[in-house]
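Novice: Shown below is the structure under consideration.
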Amino acid sequence: MRHATTTVLALTTVVLTGCGPITDEVTSMLTGSATTYDDALALREDIIAAGLQCPGTDQGVVPDEDGTAHLECGYDIPAMAVTATSEDLQELLELRDNSDPGMLPVLHGPNWMSVARDEAPLQQLQDELGGTIPSTP
């Protein structure tokens with residue numbers, strides 16, 4: 001914990017003095033992923049490049065939620081979503097945390113999340129895309 005606190009303080013100091021990475025890079029260091037996506041189809045491309053299947057290409061966009069895009073894959077990754085902002089993603093993750101206790105595991109980055117039937121494909125994706133796999137409550 002002490003190392004993590006030191007790292008966050010060092011990053012903050014560097015950013016505030018203008019001698020370091022830009023805000024998006026700092027966010028990526030903290031979330032474990034520099035990758036952000038414009039829509040679910042772009043995330044789908046990286047999921048396929050990581051060696052997982054996603055035959056679904058019918059992206060849905062929810063305009064009421066500031067353009068949150070979602071896509072159903074099937075197979076190992078049944079669903080994914082890409083949000084316009086990290087705040088929108090946090091709302092999705094909070095909804096997930098407050099839902100059914102038998103929820104599926106999720107991997108998320110700065111503005112995206114991917115849901116799987118078990119954690120193995122998410123770990124494979126995490127190796128390729130970065131991101132965080134929160135522990136299930």
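Ligands are numbered from 1 in the order shown, residues from 1 within each chain, and chains are lettered A, B, ... in the order they appear in the structure tokens.
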Quick one: everything within 7 Å of A:Thr83, counting only C-alpha atoms, minus sequence neighbours fewer than 2 positions away in the same chain. Send it as a CSV table (one decimal) with all heavy atoms, in the first residue's frame.

Specialist:
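Saved file selection32.csv follows:
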```csv
chain,number,residue,atom,x,y,z
A,67,GLY,N,-25.0,8.2,-25.4
A,67,GLY,CA,-24.4,7.4,-26.5
A,67,GLY,C,-23.6,6.2,-26.0
A,67,GLY,O,-22.7,5.8,-26.7
A,68,THR,N,-24.0,5.6,-24.9
A,68,THR,CA,-23.4,4.4,-24.5
A,68,THR,C,-23.7,3.3,-25.6
A,68,THR,O,-24.8,3.1,-25.9
A,68,THR,CB,-23.9,3.9,-23.1
A,68,THR,OG1,-23.5,4.9,-22.2
A,68,THR,CG2,-23.3,2.5,-22.7
A,69,ALA,N,-22.6,2.7,-26.1
A,69,ALA,CA,-22.7,1.7,-27.1
A,69,ALA,C,-22.5,0.3,-26.5
A,69,ALA,O,-21.7,0.1,-25.6
A,69,ALA,CB,-21.7,1.9,-28.2
A,81,ALA,N,-19.6,-3.0,-23.4
A,81,ALA,CA,-20.2,-1.7,-23.5
A,81,ALA,C,-19.0,-0.7,-23.5
A,81,ALA,O,-18.0,-0.9,-22.9
A,81,ALA,CB,-21.1,-1.4,-22.3
A,85,THR,N,-18.0,8.7,-21.3
A,85,THR,CA,-17.1,9.2,-20.2
A,85,THR,C,-16.8,8.1,-19.2
A,85,THR,O,-17.6,7.2,-19.1
A,85,THR,CB,-17.8,10.4,-19.5
A,85,THR,OG1,-18.9,10.0,-18.8
A,85,THR,CG2,-18.2,11.5,-20.5
A,88,ASP,N,-19.8,7.8,-16.8
A,88,ASP,CA,-20.8,6.9,-17.3
A,88,ASP,C,-20.4,5.4,-17.0
A,88,ASP,O,-21.3,4.6,-16.6
A,88,ASP,CB,-21.1,7.1,-18.8
A,88,ASP,CG,-21.7,8.4,-19.1
A,88,ASP,OD1,-22.3,9.1,-18.2
A,88,ASP,OD2,-21.6,8.9,-20.2
A,89,LEU,N,-19.2,5.1,-17.2
A,89,LEU,CA,-18.7,3.7,-16.9
A,89,LEU,C,-18.9,3.4,-15.4
A,89,LEU,O,-19.3,2.3,-15.1
A,89,LEU,CB,-17.3,3.5,-17.4
A,89,LEU,CG,-16.7,2.2,-17.0
A,89,LEU,CD1,-17.4,1.1,-17.9
A,89,LEU,CD2,-15.2,2.1,-17.2
A,111,ASN,N,-13.1,3.7,-20.3
A,111,ASN,CA,-14.5,4.0,-20.7
A,111,ASN,C,-15.2,2.7,-21.3
A,111,ASN,O,-16.1,2.9,-22.1
A,111,ASN,CB,-14.5,5.1,-21.8
A,111,ASN,CG,-14.1,4.7,-23.2
A,111,ASN,OD1,-13.2,3.8,-23.3
A,111,ASN,ND2,-14.7,5.3,-24.2
A,112,TRP,N,-14.7,1.6,-21.0
A,112,TRP,CA,-15.3,0.4,-21.5
A,112,TRP,C,-15.3,-0.8,-20.5
A,112,TRP,O,-14.6,-0.7,-19.5
A,112,TRP,CB,-14.5,-0.1,-22.7
A,112,TRP,CG,-13.0,-0.3,-22.4
A,112,TRP,CD1,-12.0,0.6,-22.5
A,112,TRP,CD2,-12.4,-1.6,-22.0
A,112,TRP,NE1,-10.8,0.0,-22.2
A,112,TRP,CE2,-11.0,-1.3,-21.9
A,112,TRP,CE3,-12.9,-2.8,-21.8
A,112,TRP,CZ2,-10.1,-2.3,-21.4
A,112,TRP,CZ3,-12.0,-3.8,-21.3
A,112,TRP,CH2,-10.6,-3.5,-21.2
```

Novice: Could you make a table, as a tab-separated table, of the residues of stretch 67-133 of chain A that have an atom within 9 Å of an atom of stretch 34-55 of chain A, each with its nearest atom pair and distance in Å to one decimal, counting only C-alpha atoms, in chain and number order?

Specialist:
```
residue	atom	partner	partner_atom	distance
A:Gly67	CA	A:Asp39	CA	8.9
A:Thr68	CA	A:Asp39	CA	8.0
A:Ala69	CA	A:Ala40	CA	5.6
A:His70	CA	A:Ala40	CA	5.7
A:Leu71	CA	A:Ala40	CA	6.1
A:Glu72	CA	A:Cys54	CA	8.1
A:Cys73	CA	A:Cys54	CA	4.6
A:Gly74	CA	A:Cys54	CA	6.5
A:Tyr75	CA	A:Gln53	CA	6.8
A:Asp76	CA	A:Gln53	CA	7.2
A:Ile77	CA	A:Cys54	CA	7.1
A:Pro78	CA	A:Cys54	CA	8.3
A:Met80	CA	A:Ala40	CA	6.8
A:Ala81	CA	A:Ala40	CA	5.9
A:Val82	CA	A:Ala40	CA	5.5
A:Thr83	CA	A:Asp39	CA	7.7
A:Ala84	CA	A:Asp38	CA	7.6
A:Gly109	CA	A:Thr35	CA	7.1
A:Pro110	CA	A:Thr36	CA	6.1
A:Asn111	CA	A:Thr36	CA	5.9
A:Trp112	CA	A:Thr36	CA	7.1
A:Ser114	CA	A:Leu43	CA	8.9
A:Pro121	CA	A:Leu52	CA	7.5
A:Gln124	CA	A:Ala50	CA	7.4
A:Leu125	CA	A:Ala50	CA	6.3
A:Asp127	CA	A:Ala50	CA	8.7
A:Glu128	CA	A:Ala50	CA	6.2
A:Leu129	CA	A:Thr35	CA	6.8
A:Gly130	CA	A:Ala34	CA	7.5
A:Gly131	CA	A:Ala34	CA	8.4
```

Novice: Take the selection from the previous step and output its residues with C-alpha atoms, as an mmCIF file, in the first residue's frame.

Specialist:
```
data_model
loop_
_atom_site.group_PDB
_atom_site.id
_atom_site.type_symbol
_atom_site.label_atom_id
_atom_site.label_comp_id
_atom_site.auth_asym_id
_atom_site.auth_seq_id
_atom_site.Cartn_x
_atom_site.Cartn_y
_atom_site.Cartn_z
ATOM 1 C CA GLY A 67 -24.369 7.438 -26.480
ATOM 2 C CA THR A 68 -23.368 4.353 -24.500
ATOM 3 C CA ALA A 69 -22.720 1.663 -27.101
ATOM 4 C CA HIS A 70 -23.237 -2.011 -26.321
ATOM 5 C CA LEU A 71 -22.774 -5.199 -28.265
ATOM 6 C CA GLU A 72 -23.592 -8.846 -27.606
ATOM 7 C CA CYS A 73 -20.858 -11.277 -28.575
ATOM 8 C CA GLY A 74 -21.905 -14.685 -27.347
ATOM 9 C CA TYR A 75 -19.330 -17.404 -26.552
ATOM 10 C CA ASP A 76 -16.749 -16.436 -23.904
ATOM 11 C CA ILE A 77 -17.576 -12.710 -23.931
ATOM 12 C CA PRO A 78 -21.369 -12.412 -23.928
ATOM 13 C CA MET A 80 -19.501 -5.371 -23.807
ATOM 14 C CA ALA A 81 -20.186 -1.663 -23.474
ATOM 15 C CA VAL A 82 -18.348 1.548 -24.324
ATOM 16 C CA THR A 83 -19.373 4.770 -22.621
ATOM 17 C CA ALA A 84 -18.812 8.401 -23.570
ATOM 18 C CA GLY A 109 -10.810 0.146 -18.749
ATOM 19 C CA PRO A 110 -11.205 3.926 -18.748
ATOM 20 C CA ASN A 111 -14.472 3.982 -20.747
ATOM 21 C CA TRP A 112 -15.273 0.354 -21.528
ATOM 22 C CA SER A 114 -16.459 -6.483 -21.101
ATOM 23 C CA PRO A 121 -11.123 -14.916 -21.073
ATOM 24 C CA GLN A 124 -6.517 -13.103 -21.534
ATOM 25 C CA LEU A 125 -8.033 -9.760 -22.538
ATOM 26 C CA ASP A 127 -2.993 -9.226 -20.856
ATOM 27 C CA GLU A 128 -3.712 -7.612 -24.243
ATOM 28 C CA LEU A 129 -5.800 -4.536 -23.369
ATOM 29 C CA GLY A 130 -4.985 -3.799 -19.740
ATOM 30 C CA GLY A 131 -7.849 -2.838 -17.503
#
```

Novice: Mind pulling up the distance from atom CA of A:Val115 to atom CA of A:Thr132?

Specialist: 11.9 Å

Novice: Taking only stretch 62-114 of chain A into account, list the residues labelled helix (DSSP H, G or I) by DSSP (computed from the backbone), as a PyMOL selection string.

Specialist: chain A and resi 63-65+86-97

Novice: Using only N, CA and C atoms, please write the residues we just selected to a file, as a compact mmCIF listing (two decimals), in the first residue's frame.

Specialist:
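The resulting out_15.txt:
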```
# COMPACT_ATOMS: atom_id res chain seq x y z
N PRO A 63 -29.03 6.44 -26.79
CA PRO A 63 -28.87 7.89 -26.80
C PRO A 63 -29.22 8.55 -25.46
N ASP A 64 -30.16 7.96 -24.73
CA ASP A 64 -30.54 8.53 -23.43
C ASP A 64 -29.40 8.48 -22.43
N GLU A 65 -28.42 7.64 -22.69
CA GLU A 65 -27.27 7.52 -21.79
C GLU A 65 -26.03 8.13 -22.44
N SER A 86 -15.78 8.36 -18.44
CA SER A 86 -15.45 7.42 -17.37
C SER A 86 -16.51 7.47 -16.27
N GLU A 87 -17.18 8.61 -16.10
CA GLU A 87 -18.25 8.72 -15.11
C GLU A 87 -19.42 7.82 -15.50
N ASP A 88 -19.75 7.78 -16.79
CA ASP A 88 -20.82 6.89 -17.26
C ASP A 88 -20.45 5.44 -16.99
N LEU A 89 -19.17 5.11 -17.19
CA LEU A 89 -18.72 3.74 -16.91
C LEU A 89 -18.87 3.43 -15.43
N GLN A 90 -18.50 4.36 -14.57
CA GLN A 90 -18.62 4.14 -13.13
C GLN A 90 -20.08 3.86 -12.74
N GLU A 91 -21.02 4.56 -13.39
CA GLU A 91 -22.43 4.30 -13.13
C GLU A 91 -22.81 2.88 -13.52
N LEU A 92 -22.32 2.42 -14.68
CA LEU A 92 -22.60 1.04 -15.09
C LEU A 92 -22.02 0.04 -14.10
N LEU A 93 -20.80 0.29 -13.65
CA LEU A 93 -20.16 -0.61 -12.70
C LEU A 93 -20.89 -0.62 -11.36
N GLU A 94 -21.40 0.54 -10.93
CA GLU A 94 -22.17 0.60 -9.68
C GLU A 94 -23.48 -0.16 -9.82
N LEU A 95 -24.13 -0.03 -10.98
CA LEU A 95 -25.35 -0.81 -11.23
C LEU A 95 -25.05 -2.30 -11.16
N ARG A 96 -23.92 -2.70 -11.72
CA ARG A 96 -23.51 -4.09 -11.70
C ARG A 96 -23.30 -4.56 -10.26
N ASP A 97 -22.62 -3.72 -9.46
CA ASP A 97 -22.35 -4.09 -8.07
C ASP A 97 -23.61 -4.22 -7.24
```

Novice: Just how far from atom CA of A:Gly60 is atom CA of A:Ala120, in Å to one decimal?

Specialist: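 Distance reported for this atom pair: 26.0 Å.
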